[in-house]
$ cat start-v3.txt   # compact mmCIF, C-alpha atoms and all ligand atoms
# COMPACT_ATOMS: atom_id res chain seq x y z
CA MET A 23 29.24 30.43 13.02
CA LYS A 24 31.28 32.93 11.01
CA LEU A 25 31.88 36.27 12.74
CA THR A 26 29.95 38.31 10.10
CA THR A 27 26.98 35.97 10.42
CA PHE A 28 27.18 36.26 14.17
CA LEU A 29 27.17 40.06 13.99
CA ALA A 30 24.23 40.09 11.57
CA THR A 31 22.30 37.75 13.84
CA ALA A 32 23.13 39.85 16.89
CA PHE A 33 21.99 42.99 15.09
CA LEU A 34 18.68 41.39 14.02
CA ALA A 35 18.11 40.09 17.52
CA THR A 36 18.68 43.59 18.93
CA SER A 37 16.38 45.32 16.46
CA ALA A 38 13.69 42.69 17.13
CA LEU A 39 13.81 43.71 20.77
CA ALA A 40 13.44 47.41 19.94
CA ALA A 41 10.05 49.09 20.50
CA PRO A 42 7.53 48.43 17.68
CA PRO A 43 7.09 51.28 15.16
CA ALA A 44 4.36 53.75 16.15
CA TYR A 45 2.47 53.34 12.90
CA THR A 46 2.68 51.40 9.64
CA LYS A 47 3.34 53.33 6.45
CA PRO A 48 -0.02 53.52 4.60
CA ASN A 49 1.41 52.37 1.29
CA SER A 50 3.58 49.59 2.68
CA GLN A 51 3.68 46.36 0.70
CA PRO A 52 0.96 43.82 1.45
CA PRO A 53 2.32 40.64 3.04
CA ALA A 54 4.03 38.40 0.52
CA PRO A 55 1.65 35.69 -0.70
CA GLN A 56 2.25 32.31 0.94
CA PRO A 57 3.77 29.75 -1.38
CA PRO A 58 1.10 27.24 -2.45
CA ALA A 59 1.03 24.03 -0.41
CA PRO A 60 3.27 21.50 -2.14
CA LYS A 61 1.24 19.42 -4.56
CA ILE A 62 0.94 15.80 -3.57
CA ASN A 63 2.33 13.58 -6.28
CA PHE A 64 -0.17 10.85 -7.17
CA ASP A 65 1.85 9.59 -10.15
CA LEU A 66 2.90 5.99 -10.33
CA ILE A 67 6.22 5.43 -8.60
CA GLY A 68 8.04 2.39 -7.32
CA PHE A 69 8.45 -1.08 -8.75
CA ALA A 70 5.40 -0.89 -11.06
CA ALA A 71 6.96 2.19 -12.68
CA SER A 72 10.65 1.32 -12.70
CA ASN A 73 11.50 -2.27 -13.49
CA PRO A 74 13.29 -4.34 -16.14
CA ILE A 75 10.14 -5.18 -18.15
CA GLY A 76 8.52 -1.77 -18.55
CA ARG A 77 6.39 0.83 -16.87
CA THR A 78 2.84 -0.17 -15.95
CA THR A 79 0.45 1.71 -18.23
CA GLY A 80 -2.77 -0.33 -17.92
CA GLY A 81 -5.20 0.58 -20.68
CA ALA A 82 -3.62 3.94 -21.55
CA GLY A 83 -4.58 4.99 -25.07
CA GLY A 84 -7.27 2.33 -25.33
CA LYS A 85 -11.03 2.48 -25.63
CA VAL A 86 -12.96 3.84 -22.62
CA TRP A 87 -15.90 1.73 -21.39
CA ASN A 88 -18.37 3.19 -18.91
CA VAL A 89 -20.06 0.27 -17.16
CA PHE A 90 -22.92 0.06 -14.69
CA ASN A 91 -23.55 -3.64 -14.01
CA GLU A 92 -21.76 -6.97 -13.70
CA THR A 93 -22.49 -8.18 -17.24
CA GLN A 94 -20.97 -5.04 -18.71
CA LEU A 95 -18.03 -5.07 -16.31
CA VAL A 96 -17.11 -8.71 -17.02
CA GLN A 97 -17.29 -8.08 -20.76
CA ALA A 98 -15.28 -4.85 -20.62
CA VAL A 99 -12.26 -6.13 -18.68
CA LYS A 100 -11.84 -9.21 -20.94
CA GLY A 101 -9.04 -9.59 -23.44
CA ASN A 102 -5.62 -8.04 -23.82
CA THR A 103 -6.22 -4.97 -25.95
CA PRO A 104 -5.66 -1.73 -24.03
CA LYS A 105 -8.89 -0.52 -22.41
CA ILE A 106 -10.02 1.79 -19.65
CA VAL A 107 -13.05 0.54 -17.75
CA ILE A 108 -14.90 2.98 -15.51
CA LEU A 109 -17.38 1.48 -13.09
CA HIS A 110 -20.27 3.76 -12.13
CA GLY A 111 -22.83 3.36 -9.39
CA ASP A 112 -23.84 4.87 -6.07
CA LYS A 113 -24.63 1.51 -4.52
CA PRO A 114 -22.24 -1.43 -4.03
CA LEU A 115 -22.26 -3.75 -7.00
CA LYS A 116 -22.64 -7.28 -5.65
CA LEU A 117 -20.67 -9.53 -7.99
CA ALA A 118 -21.82 -13.12 -8.37
CA LYS A 119 -18.44 -14.26 -9.69
CA ARG A 120 -14.84 -13.18 -9.41
CA LEU A 121 -13.64 -10.73 -11.99
CA PHE A 122 -10.59 -11.65 -14.14
CA PRO A 123 -9.18 -8.60 -15.93
CA GLY A 124 -7.09 -9.25 -19.03
CA ALA A 125 -3.75 -7.63 -19.78
CA ASN A 126 -3.53 -3.90 -20.55
CA THR A 127 -6.51 -2.97 -18.39
CA SER A 128 -7.23 0.09 -16.26
CA LEU A 129 -10.20 -0.40 -13.96
CA TYR A 130 -11.39 2.74 -12.22
CA GLY A 131 -14.27 3.64 -9.94
CA ALA A 132 -16.10 6.72 -11.25
CA GLY A 133 -16.27 10.02 -9.36
CA LYS A 134 -16.13 9.55 -5.61
CA GLY A 135 -15.40 5.87 -6.18
CA ALA A 136 -17.37 2.71 -6.93
CA GLU A 137 -17.79 -0.29 -4.67
CA ILE A 138 -17.84 -4.01 -5.34
CA THR A 139 -18.82 -6.69 -2.88
CA GLY A 140 -19.80 -10.37 -3.02
CA SER A 141 -16.82 -11.47 -5.11
CA GLY A 142 -13.44 -9.87 -5.62
CA ILE A 143 -10.87 -9.57 -8.37
CA THR A 144 -8.18 -12.02 -9.51
CA VAL A 145 -5.39 -10.74 -11.70
CA ALA A 146 -4.00 -14.04 -12.98
CA ASN A 147 -1.32 -15.02 -15.49
CA THR A 148 -1.27 -11.57 -16.96
CA THR A 149 0.47 -8.22 -17.10
CA ASN A 150 -0.07 -4.46 -17.01
CA VAL A 151 -3.18 -3.90 -14.89
CA ILE A 152 -4.18 -0.77 -12.95
CA ILE A 153 -6.96 -0.64 -10.34
CA ARG A 154 -7.85 2.75 -8.80
CA ASN A 155 -10.61 4.44 -6.83
CA LEU A 156 -12.47 1.19 -6.14
CA LYS A 157 -13.81 -0.05 -2.81
CA ILE A 158 -13.69 -3.80 -2.21
CA SER A 159 -15.69 -4.86 0.81
CA LYS A 160 -16.65 -8.04 2.65
CA ILE A 161 -15.43 -10.64 0.20
CA LEU A 162 -16.03 -14.05 1.81
CA ASP A 163 -14.06 -17.22 1.04
CA ASN A 164 -11.39 -15.48 -0.98
CA ASP A 165 -9.21 -12.38 -1.14
CA GLY A 166 -10.48 -8.93 -2.01
CA ILE A 167 -7.88 -8.77 -4.75
CA THR A 168 -5.44 -11.56 -5.61
CA LEU A 169 -2.47 -11.00 -7.90
CA THR A 170 -1.18 -14.38 -9.00
CA ASN A 171 1.55 -15.06 -11.57
CA SER A 172 1.12 -11.50 -12.82
CA THR A 173 3.49 -8.61 -13.44
CA ARG A 174 3.25 -4.81 -13.62
CA VAL A 175 0.23 -4.08 -11.44
CA TRP A 176 -0.68 -0.82 -9.71
CA VAL A 177 -3.34 -0.79 -6.98
CA ASP A 178 -3.93 2.82 -6.00
CA HIS A 179 -6.43 4.89 -4.03
CA CYS A 180 -8.63 1.88 -3.31
CA GLU A 181 -10.41 1.05 -0.06
CA PHE A 182 -10.56 -2.43 1.47
CA ALA A 183 -12.83 -3.19 4.43
CA SER A 184 -14.66 -6.04 6.13
CA GLU A 185 -14.88 -6.48 9.91
CA PHE A 186 -12.40 -6.95 12.70
CA SER A 187 -13.38 -8.53 16.02
CA GLN A 188 -12.47 -11.50 18.22
CA GLU A 189 -15.77 -13.17 17.26
CA ILE A 190 -14.98 -12.83 13.56
CA GLY A 191 -11.40 -14.11 14.06
CA PRO A 192 -8.63 -14.37 11.45
CA ASP A 193 -10.27 -16.85 9.10
CA THR A 194 -13.75 -15.50 8.37
CA TYR A 195 -12.25 -13.41 5.61
CA ASP A 196 -9.10 -14.09 3.62
CA GLY A 197 -6.65 -11.38 2.55
CA GLN A 198 -7.46 -7.89 1.36
CA LEU A 199 -4.72 -7.79 -1.27
CA ASP A 200 -2.64 -10.95 -1.64
CA ILE A 201 0.25 -11.08 -4.09
CA VAL A 202 1.44 -14.59 -4.92
CA ARG A 203 3.01 -17.09 -7.36
CA ALA A 204 5.95 -15.11 -8.69
CA SER A 205 3.96 -11.94 -9.24
CA ASP A 206 6.33 -9.05 -9.71
CA TRP A 207 6.79 -5.29 -10.21
CA VAL A 208 3.82 -4.08 -8.23
CA THR A 209 3.03 -0.75 -6.56
CA VAL A 210 0.41 -0.51 -3.80
CA SER A 211 -0.15 3.18 -3.03
CA TRP A 212 -2.56 5.50 -1.22
CA ASN A 213 -5.00 2.72 -0.27
CA TYR A 214 -7.12 2.64 2.85
CA PHE A 215 -7.03 -0.86 4.37
CA HIS A 216 -9.20 -1.16 7.45
CA ASP A 217 -11.38 -3.31 9.69
CA HIS A 218 -9.91 -6.61 8.59
CA TRP A 219 -7.72 -9.27 10.19
CA LYS A 220 -5.18 -10.45 7.60
CA SER A 221 -4.42 -7.60 5.26
CA SER A 222 -1.78 -8.22 2.61
CA LEU A 223 0.15 -11.45 2.12
CA VAL A 224 3.09 -11.66 -0.26
CA GLY A 225 3.97 -15.24 -1.16
CA ASN A 226 1.41 -17.68 0.15
CA SER A 227 3.48 -20.68 1.19
CA ASP A 228 6.92 -21.41 2.55
CA VAL A 229 7.15 -24.43 0.20
CA LEU A 230 7.03 -22.19 -2.90
CA ARG A 231 10.65 -21.04 -2.72
CA ASP A 232 11.39 -22.22 -6.26
CA VAL A 233 8.38 -20.37 -7.66
CA ASP A 234 8.64 -17.14 -5.70
CA PHE A 235 12.30 -16.50 -4.89
CA GLY A 236 13.63 -13.52 -6.84
CA HIS A 237 10.12 -12.22 -7.62
CA LEU A 238 7.58 -10.33 -5.49
CA HIS A 239 9.17 -6.86 -5.84
CA ILE A 240 6.51 -4.60 -4.38
CA THR A 241 6.41 -0.97 -3.30
CA TYR A 242 3.92 -0.14 -0.54
CA HIS A 243 3.71 3.60 0.02
CA HIS A 244 1.32 6.09 1.60
CA ASN A 245 -1.24 3.47 2.58
CA TYR A 246 -3.45 4.02 5.61
CA TRP A 247 -3.92 0.86 7.66
CA ARG A 248 -6.43 0.97 10.55
CA ASN A 249 -7.96 -1.60 12.91
CA SER A 250 -6.25 -4.61 11.36
CA GLY A 251 -4.71 -7.79 12.77
CA THR A 252 -1.69 -9.01 10.81
CA ARG A 253 0.09 -8.81 7.42
CA GLY A 254 0.71 -5.18 6.76
CA PRO A 255 2.32 -6.71 4.65
CA ALA A 256 3.76 -10.19 5.38
CA GLY A 257 6.29 -11.31 2.79
CA ARG A 258 8.12 -14.48 1.79
CA PHE A 259 10.98 -14.79 -0.72
CA GLY A 260 10.61 -11.32 -2.27
CA HIS A 261 11.56 -7.68 -1.81
CA GLN A 262 9.16 -5.06 -0.49
CA HIS A 263 9.90 -1.37 -0.09
CA VAL A 264 7.55 -0.13 2.62
CA TYR A 265 7.61 3.64 3.10
CA ASN A 266 5.43 6.49 4.34
CA ASN A 267 2.57 4.27 5.50
CA PHE A 268 0.45 5.18 8.49
CA TYR A 269 -0.66 2.36 10.79
CA GLU A 270 -3.30 2.96 13.44
CA ASP A 271 -4.39 0.14 15.74
CA PHE A 272 -2.68 -2.54 13.67
CA HIS A 273 -3.18 -4.86 16.58
CA TYR A 274 -0.78 -7.81 16.43
CA GLN A 275 1.94 -7.57 13.84
CA ALA A 276 2.23 -5.17 10.90
CA ILE A 277 5.28 -5.75 8.68
CA HIS A 278 6.53 -9.35 8.71
CA SER A 279 9.51 -10.49 6.67
CA ARG A 280 10.05 -14.25 6.76
CA SER A 281 11.41 -17.10 4.65
CA ASP A 282 14.38 -15.10 3.31
CA ASN A 283 12.17 -12.19 2.34
CA GLN A 284 13.75 -8.72 2.36
CA VAL A 285 12.07 -5.47 3.37
CA LEU A 286 13.32 -1.89 3.26
CA VAL A 287 11.27 0.01 5.82
CA GLU A 288 11.35 3.78 6.09
CA ALA A 289 9.46 6.83 7.31
CA ASN A 290 6.38 4.91 8.44
CA VAL A 291 4.33 5.94 11.47
CA PHE A 292 2.58 3.67 14.00
CA ARG A 293 -0.05 4.77 16.49
CA GLY A 294 -2.58 3.26 18.83
CA ASP A 295 -2.76 -0.38 19.82
CA THR A 296 0.00 -2.00 17.79
CA ARG A 297 2.03 -4.76 19.42
CA GLU A 298 4.71 -5.30 16.81
CA ALA A 299 5.46 -2.92 13.95
CA LEU A 300 8.11 -5.02 12.22
CA SER A 301 9.50 -8.51 12.64
CA THR A 302 11.90 -10.72 10.72
CA TYR A 303 11.51 -13.58 13.17
CA GLY A 304 10.22 -16.49 11.08
CA LEU A 305 7.48 -17.55 13.47
CA VAL A 306 4.05 -17.04 11.95
CA ILE A 307 2.37 -15.82 15.11
CA PRO A 308 -0.64 -17.72 16.49
CA GLU A 309 -2.84 -14.63 16.06
CA ASP A 310 -2.25 -14.93 12.32
CA SER A 311 -2.93 -18.58 11.65
CA PRO A 312 -4.22 -20.30 14.79
CA ASN A 313 -5.64 -23.17 12.82
CA THR A 314 -2.28 -24.14 11.36
CA SER A 315 -0.74 -24.52 14.80
CA PRO A 316 -1.90 -23.07 18.12
CA LEU A 317 1.67 -22.04 18.98
CA GLY A 318 2.36 -20.53 15.60
CA ASP A 319 4.15 -21.90 12.63
CA GLU A 320 7.96 -21.90 12.43
CA GLU A 321 9.56 -20.63 9.25
CA ILE A 322 13.06 -19.38 8.67
CA ASP A 323 13.64 -15.70 9.31
CA GLY A 324 13.53 -12.89 6.82
CA PHE A 325 15.63 -9.73 6.57
CA ALA A 326 14.95 -6.07 7.19
CA ASN A 327 16.80 -2.86 6.48
CA LEU A 328 15.80 0.47 7.91
CA GLY A 329 16.11 3.54 5.68
CA ALA A 330 14.87 6.96 6.79
CA LYS A 331 13.77 7.03 10.42
CA ASN A 332 10.43 5.44 11.34
CA ASP A 333 8.17 6.44 14.21
CA TRP A 334 7.24 3.14 15.83
CA GLY A 335 4.96 4.76 18.40
CA PRO A 336 4.22 2.26 21.17
CA ALA A 337 5.02 -0.77 19.00
CA SER A 338 8.07 -3.00 19.27
CA ILE A 339 10.30 -4.29 16.48
CA ASN A 340 12.28 -7.52 16.21
CA ILE A 341 14.98 -7.48 13.54
CA THR A 342 16.85 -10.77 13.72
CA GLN A 343 18.75 -10.32 10.43
CA VAL A 344 19.76 -7.19 8.57
CA GLY A 345 19.71 -7.77 4.83
CA ASN A 346 21.15 -6.20 1.71
CA PHE A 347 18.06 -4.38 0.43
CA THR A 348 19.53 -1.06 1.48
CA LYS A 349 18.31 1.19 -1.32
CA ALA A 350 15.32 1.20 -3.65
CA PRO A 351 16.45 1.07 -7.29
CA TYR A 352 14.28 4.01 -8.38
CA LYS A 353 13.61 7.67 -7.61
CA TYR A 354 11.02 8.60 -5.01
CA SER A 355 10.63 11.37 -2.51
CA LEU A 356 9.81 10.77 1.11
CA THR A 357 7.09 12.65 2.94
CA PRO A 358 8.76 14.00 6.09
CA LEU A 359 7.98 11.78 9.07
CA LYS A 360 6.15 14.58 10.90
CA GLU A 361 3.72 14.99 7.99
CA VAL A 362 2.98 11.32 7.33
CA ILE A 363 -0.17 11.07 9.47
CA SER A 364 -1.87 14.13 8.02
CA VAL A 365 -0.78 13.56 4.42
CA VAL A 366 -1.82 9.91 4.42
CA LYS A 367 -5.15 10.41 6.22
CA LYS A 368 -6.05 13.26 3.91
CA ASN A 369 -5.04 11.66 0.63
CA ALA A 370 -5.49 7.89 0.87
CA GLY A 371 -8.63 6.05 -0.20
CA LEU A 372 -11.53 6.92 -2.47
CA GLY A 373 -12.45 10.19 -4.13
CA LYS A 374 -8.95 11.68 -4.21
CA VAL A 375 -8.39 10.80 -7.85
CA ARG A 376 -11.38 11.29 -10.14
CA PHE A 377 -12.40 9.44 -13.28
C1 LIG A 401 -26.63 -3.81 -17.88
O1 LIG A 401 -26.76 -2.51 -18.42
C2 LIG A 401 -27.06 -2.50 -19.81
C3 LIG A 401 -27.00 -1.06 -20.30
O2 LIG A 401 -27.80 -0.24 -19.51
C4 LIG A 401 -28.39 -3.15 -20.05
O3 LIG A 401 -28.67 -3.19 -21.42
C5 LIG A 401 -28.37 -4.57 -19.49
O4 LIG A 401 -29.65 -5.13 -19.61
C6 LIG A 401 -27.94 -4.56 -18.05
N1 LIG A 401 -27.75 -5.94 -17.64
C7 LIG A 401 -28.20 -6.39 -16.48
C8 LIG A 401 -27.96 -7.83 -16.20
O5 LIG A 401 -28.78 -5.66 -15.70
C1 LIG A 402 -0.72 -5.22 -24.36
O1 LIG A 402 -0.88 -4.20 -25.32
C2 LIG A 402 0.27 -3.97 -26.09
C3 LIG A 402 0.00 -2.74 -26.95
O2 LIG A 402 -1.17 -2.89 -27.67
C4 LIG A 402 0.57 -5.22 -26.90
O3 LIG A 402 1.74 -5.04 -27.65
C5 LIG A 402 0.76 -6.40 -25.96
O4 LIG A 402 0.91 -7.58 -26.70
C6 LIG A 402 -0.46 -6.54 -25.04
N1 LIG A 402 -0.18 -7.56 -24.03
C7 LIG A 402 -0.71 -8.77 -24.08
C8 LIG A 402 -0.32 -9.68 -22.97
O5 LIG A 402 -1.46 -9.12 -24.96
C1 LIG A 403 -3.19 -19.46 -14.80
O1 LIG A 403 -2.36 -20.36 -15.48
C2 LIG A 403 -2.30 -21.64 -14.86
C3 LIG A 403 -1.25 -22.45 -15.59
O2 LIG A 403 -1.45 -22.40 -16.96
C4 LIG A 403 -3.69 -22.27 -14.90
O3 LIG A 403 -3.67 -23.51 -14.22
C5 LIG A 403 -4.69 -21.35 -14.23
O4 LIG A 403 -5.99 -21.86 -14.36
C6 LIG A 403 -4.63 -19.97 -14.83
N1 LIG A 403 -5.49 -19.10 -14.07
C7 LIG A 403 -6.43 -18.37 -14.62
C8 LIG A 403 -7.29 -17.61 -13.70
O5 LIG A 403 -6.57 -18.29 -15.82
C1 LIG A 404 1.99 -17.77 -15.71
O1 LIG A 404 1.39 -17.00 -16.74
C2 LIG A 404 1.89 -17.28 -18.02
C3 LIG A 404 1.20 -16.33 -18.97
O2 LIG A 404 1.54 -15.02 -18.64
C4 LIG A 404 1.62 -18.73 -18.39
O3 LIG A 404 2.19 -19.00 -19.61
C5 LIG A 404 2.22 -19.63 -17.32
O4 LIG A 404 1.83 -20.96 -17.56
C6 LIG A 404 1.71 -19.24 -15.95
N1 LIG A 404 2.41 -20.03 -14.95
C7 LIG A 404 1.78 -20.56 -13.91
C8 LIG A 404 2.63 -21.37 -13.00
O5 LIG A 404 0.59 -20.43 -13.72
C1 LIG A 405 12.42 -12.02 18.46
O1 LIG A 405 13.18 -12.96 17.75
C2 LIG A 405 13.85 -13.91 18.55
C3 LIG A 405 14.64 -14.81 17.64
O2 LIG A 405 15.79 -14.14 17.23
C4 LIG A 405 12.87 -14.73 19.38
O3 LIG A 405 13.54 -15.61 20.19
C5 LIG A 405 12.01 -13.79 20.18
O4 LIG A 405 11.00 -14.53 20.84
C6 LIG A 405 11.37 -12.75 19.29
N1 LIG A 405 10.60 -11.83 20.07
C7 LIG A 405 9.29 -11.70 19.90
C8 LIG A 405 8.63 -10.70 20.80
O5 LIG A 405 8.66 -12.32 19.08
C1 LIG A 406 21.45 -10.53 -0.57
O1 LIG A 406 21.25 -11.40 0.52
C2 LIG A 406 20.64 -12.62 0.16
C3 LIG A 406 20.35 -13.38 1.43
O2 LIG A 406 21.53 -13.54 2.17
C4 LIG A 406 21.54 -13.39 -0.79
O3 LIG A 406 20.87 -14.58 -1.20
C5 LIG A 406 21.81 -12.53 -2.01
O4 LIG A 406 22.71 -13.17 -2.85
C6 LIG A 406 22.36 -11.17 -1.60
N1 LIG A 406 22.41 -10.33 -2.77
C7 LIG A 406 23.48 -9.62 -3.06
C8 LIG A 406 23.38 -8.79 -4.29
O5 LIG A 406 24.48 -9.64 -2.38

$ encode --input "start-v3.txt" --output "structure tokens"
Amino acid sequence: MKLTTFLATAFLATSALAAPPAYTKPNSQPPAPQPPAPKINFDLIGFAASNPIGRTTGGAGGKVWNVFNETQLVQAVKGNTPKIVILHGDKPLKLAKRLFPGANTSLYGAGKGAEITGSGITVANTTNVIIRNLKISKILDNDGITLTNSTRVWVDHCEFASEFSQEIGPDTYDGQLDIVRASDWVTVSWNYFHDHWKSSLVGNSDVLRDVDFGHLHITYHHNYWRNSGTRGPAGRFGHQHVYNNFYEDFHYQAIHSRSDNQVLVEANVFRGDTREALSTYGLVIPEDSPNTSPLGDEEIDGFANLGAKNDWGPASINITQVGNFTKAPYKYSLTPLKEVISVVKKNAGLGKVRF
């Protein structure tokens, strides 16, 4: 400390100890207004925004379709011309068939959010799709949302839920959001993933190296994961930047990087009953896929790099190989670690962005 600074500090400390003034001047200034709470930035950031093939824009500038039933929804998301499809409804819409959005589509839940159940969404062989403010619940025999052979996708402020219990086990439901077959340039932000065993798989087989290697660039940020089993996310052959997520009771294993996958993991918080927050050990643990092999399934290890400090809570980590994904190739700002729980719980899921 410089001497002048020291003297100033000493003087302030002394005057603070002095007796309080007997009265306040009647026309003294009112207290300075508090600066407004910093605005949370819900803009698209990460790999779906910054990538070599162009920012994800969905249906921006296209026709707006307000839809209320399955027939209208199926019709509206078809084709590749830019379109914004807003699903309305207070009750869950039970889809009879999976929904296949075309390229240049934004699909939004109206108001406080819309819900689909029965069948989920497959984004296949396409590009430039945005899904926001939609709840996807209890999809049997398939994923909630699958991205396959697709690029530039943003899944934001959605909610995914089914059930989690020992009776239900890992295979009653499939994934909540699985990203496979060379899909690339994806951002998964501000979603609420809960009550489900196997959450988000990236790359769905260790024999697909030739298909997947060099793809699967995904940013996962500010998601709230609660009461889940495995795959938060689990990646093979790609690169995932996982930051500012909050995990609560993610029971067995949250972030798994295997089969030469690379993760950059920073400023995430883990609480509650979570055994393992992060692992690069190739073993696919028996709690994930007990039917493949009761002892788990051996794959080669992945890589992990740690950026800004994480708060692992009671969970352990097992980093067997440090990789070279040391820095995300885009601009983003980190929520301070101490604020992650409150910011994520308050702002993830439905009804935070309105359409
Ligand atoms: C869907 O809504 C439209 C517009 O209200 C209506 O014309 C159509 O009959 C509805 N279709 C079904 C299958 O309910
Ligand atoms: C998406 O829309 C843009 C702008 O209209 C168009 O140039 C592009 O071909 C569309 N993409 C596909 C896959 O059709
Ligand atoms: C995606 O493309 C592949 C290869 O052309 C095809 O087999 C598959 O049916 C397509 N999927 C969808 C949903 O269109
Ligand atoms: C991937 O999608 C493209 C269209 O975008 C298609 O031409 C290609 O056949 C698909 N590849 C596979 C393996 O499905
Ligand atoms: C961590 O990884 C090593 C391999 O490097 C493995 O032997 C060990 O069992 C792993 N620990 C856990 C808890 O999985
Ligand atoms: C990063 O590491 C992987 C795995 O060792 C390697 O295949 C790749 O070439 C490396 N990339 C760079 C840019 O060094």

$ residues_near_ligand --input "start-v3.txt" --ligand "ligand LIG 403 (chain A)" --cutoff "10 Å" --atoms "all atoms listed in the file" --output "PyMOL selection string"
chain A and resi 120-124+144-148+170-172+203

$ write_last_selection --input "start-v3.txt" --atoms "C-alpha atoms" --output "mmCIF file, in the coordinates of the input"
data_model
loop_
_atom_site.group_PDB
_atom_site.id
_atom_site.type_symbol
_atom_site.label_atom_id
_atom_site.label_comp_id
_atom_site.auth_asym_id
_atom_site.auth_seq_id
_atom_site.Cartn_x
_atom_site.Cartn_y
_atom_site.Cartn_z
ATOM 1 C CA ARG A 120 -14.840 -13.180 -9.410
ATOM 2 C CA LEU A 121 -13.640 -10.730 -11.990
ATOM 3 C CA PHE A 122 -10.590 -11.650 -14.140
ATOM 4 C CA PRO A 123 -9.180 -8.600 -15.930
ATOM 5 C CA GLY A 124 -7.090 -9.250 -19.030
ATOM 6 C CA THR A 144 -8.180 -12.020 -9.510
ATOM 7 C CA VAL A 145 -5.390 -10.740 -11.700
ATOM 8 C CA ALA A 146 -4.000 -14.040 -12.980
ATOM 9 C CA ASN A 147 -1.320 -15.020 -15.490
ATOM 10 C CA THR A 148 -1.270 -11.570 -16.960
ATOM 11 C CA THR A 170 -1.180 -14.380 -9.000
ATOM 12 C CA ASN A 171 1.550 -15.060 -11.570
ATOM 13 C CA SER A 172 1.120 -11.500 -12.820
ATOM 14 C CA ARG A 203 3.010 -17.090 -7.360
#

$ residues_around --input "start-v3.txt" --residues "A:Arg174" --least-positions-apart "5" --cutoff "9 Å" --atoms "all atoms listed in the file" --output "CSV table (one decimal) with C-alpha atoms, keeping the file's coordinate frame"
chain,number,residue,atom,x,y,z
A,69,PHE,CA,8.4,-1.1,-8.8
A,70,ALA,CA,5.4,-0.9,-11.1
A,71,ALA,CA,7.0,2.2,-12.7
A,73,ASN,CA,11.5,-2.3,-13.5
A,75,ILE,CA,10.1,-5.2,-18.2
A,76,GLY,CA,8.5,-1.8,-18.6
A,77,ARG,CA,6.4,0.8,-16.9
A,78,THR,CA,2.8,-0.2,-16.0
A,79,THR,CA,0.4,1.7,-18.2
A,80,GLY,CA,-2.8,-0.3,-17.9
A,148,THR,CA,-1.3,-11.6,-17.0
A,149,THR,CA,0.5,-8.2,-17.1
A,150,ASN,CA,-0.1,-4.5,-17.0
A,151,VAL,CA,-3.2,-3.9,-14.9
A,152,ILE,CA,-4.2,-0.8,-13.0
A,205,SER,CA,4.0,-11.9,-9.2
A,206,ASP,CA,6.3,-9.0,-9.7
A,207,TRP,CA,6.8,-5.3,-10.2
A,208,VAL,CA,3.8,-4.1,-8.2
A,209,THR,CA,3.0,-0.8,-6.6

$ residues_near_ligand --input "start-v3.txt" --ligand "ligand LIG 401 (chain A)" --cutoff "8 Å" --atoms "only C-alpha atoms and all ligand atoms" --output "PDB file with C-alpha atoms, in the frame of the given file"
ATOM      1  CA  VAL A  89     -20.060   0.270 -17.160  1.00  0.00           C
ATOM      2  CA  PHE A  90     -22.920   0.060 -14.690  1.00  0.00           C
ATOM      3  CA  ASN A  91     -23.550  -3.640 -14.010  1.00  0.00           C
ATOM      4  CA  GLU A  92     -21.760  -6.970 -13.700  1.00  0.00           C
ATOM      5  CA  THR A  93     -22.490  -8.180 -17.240  1.00  0.00           C
ATOM      6  CA  GLN A  94     -20.970  -5.040 -18.710  1.00  0.00           C
TER       7      GLN A  94
END

$ closest_residue --input "start-v3.txt" --among "A:Ala118, A:Ala350, A:Ala132, A:Val175" --to "A:Asn88" --atoms "only C-alpha atoms"
A:Ala132

$ atom_distance --input "start-v3.txt" --atom1 "atom CA of A:Glu181" --atom2 "atom CA of A:Thr103"
26.9 Å

$ residues_around --input "start-v3.txt" --residues "stretch 280-291 of chain A" --least-positions-apart "2" --cutoff "6 Å" --atoms "all atoms listed in the file" --output "list in words"
Gly257, Arg258, Phe259, Gly260, His261, Gln262, His263, Val264, Tyr265, Asn266, Asn267, Phe268, Thr302, Gly304, Ile322, Asp323, Gly324, Phe325, Ala326, Asn327, Leu328, Gly329, Ala330, Lys331, Asn332, Asp333, Trp334 and Leu359 of chain A

$ residues_around --input "start-v3.txt" --residues "A:His216" --least-positions-apart "2" --cutoff "9 Å" --atoms "all atoms listed in the file" --output "ChimeraX atom specification"
/A:181-186,214,218-219,221,246-250

$ closest_residue --input "start-v3.txt" --among "A:Thr342, A:Asn126, A:Gln97, A:Thr173" --to "ligand LIG 402 (chain A)" --atoms "all atoms listed in the file"
A:Asn126

$ closest_residue --input "start-v3.txt" --among "A:Ile161, A:Leu95, A:Ile190, A:Val306" --to "ligand LIG 405 (chain A)" --atoms "all atoms listed in the file"
A:Val306

$ closest_residue --input "start-v3.txt" --among "A:Ala256, A:Asp271, A:Pro336, A:Asp200" --to "A:Tyr303" --atoms "all atoms listed in the file"
A:Ala256

$ atom_distance --input "start-v3.txt" --atom1 "atom CA of A:Phe272" --atom2 "atom CA of A:Glu321"
22.3 Å

$ atom_distance --input "start-v3.txt" --atom1 "atom CA of A:Gly236" --atom2 "atom CA of A:Ile67"
20.4 Å

$ axis_aligned_box --input "start-v3.txt" --around "ligand LIG 402 (chain A)" --padding-each-side "6 Å" --output "lines of an AutoDock Vina configuration file"
center_x = 0.1
center_y = -6.2
center_z = -25.3
size_x = 15.2
size_y = 18.9
size_z = 16.7

$ decode --input "start-v3.txt" --residues "stretch 363-367 of chain A" --atoms "C-alpha atoms" --output "compact mmCIF listing (two decimals), in the first residue's frame"
# COMPACT_ATOMS: atom_id res chain seq x y z
CA ILE A 363 -27.20 -21.10 -8.16
CA SER A 364 -29.49 -18.10 -7.83
CA VAL A 365 -29.07 -16.85 -11.40
CA VAL A 366 -29.68 -20.28 -12.93
CA LYS A 367 -32.62 -21.23 -10.69
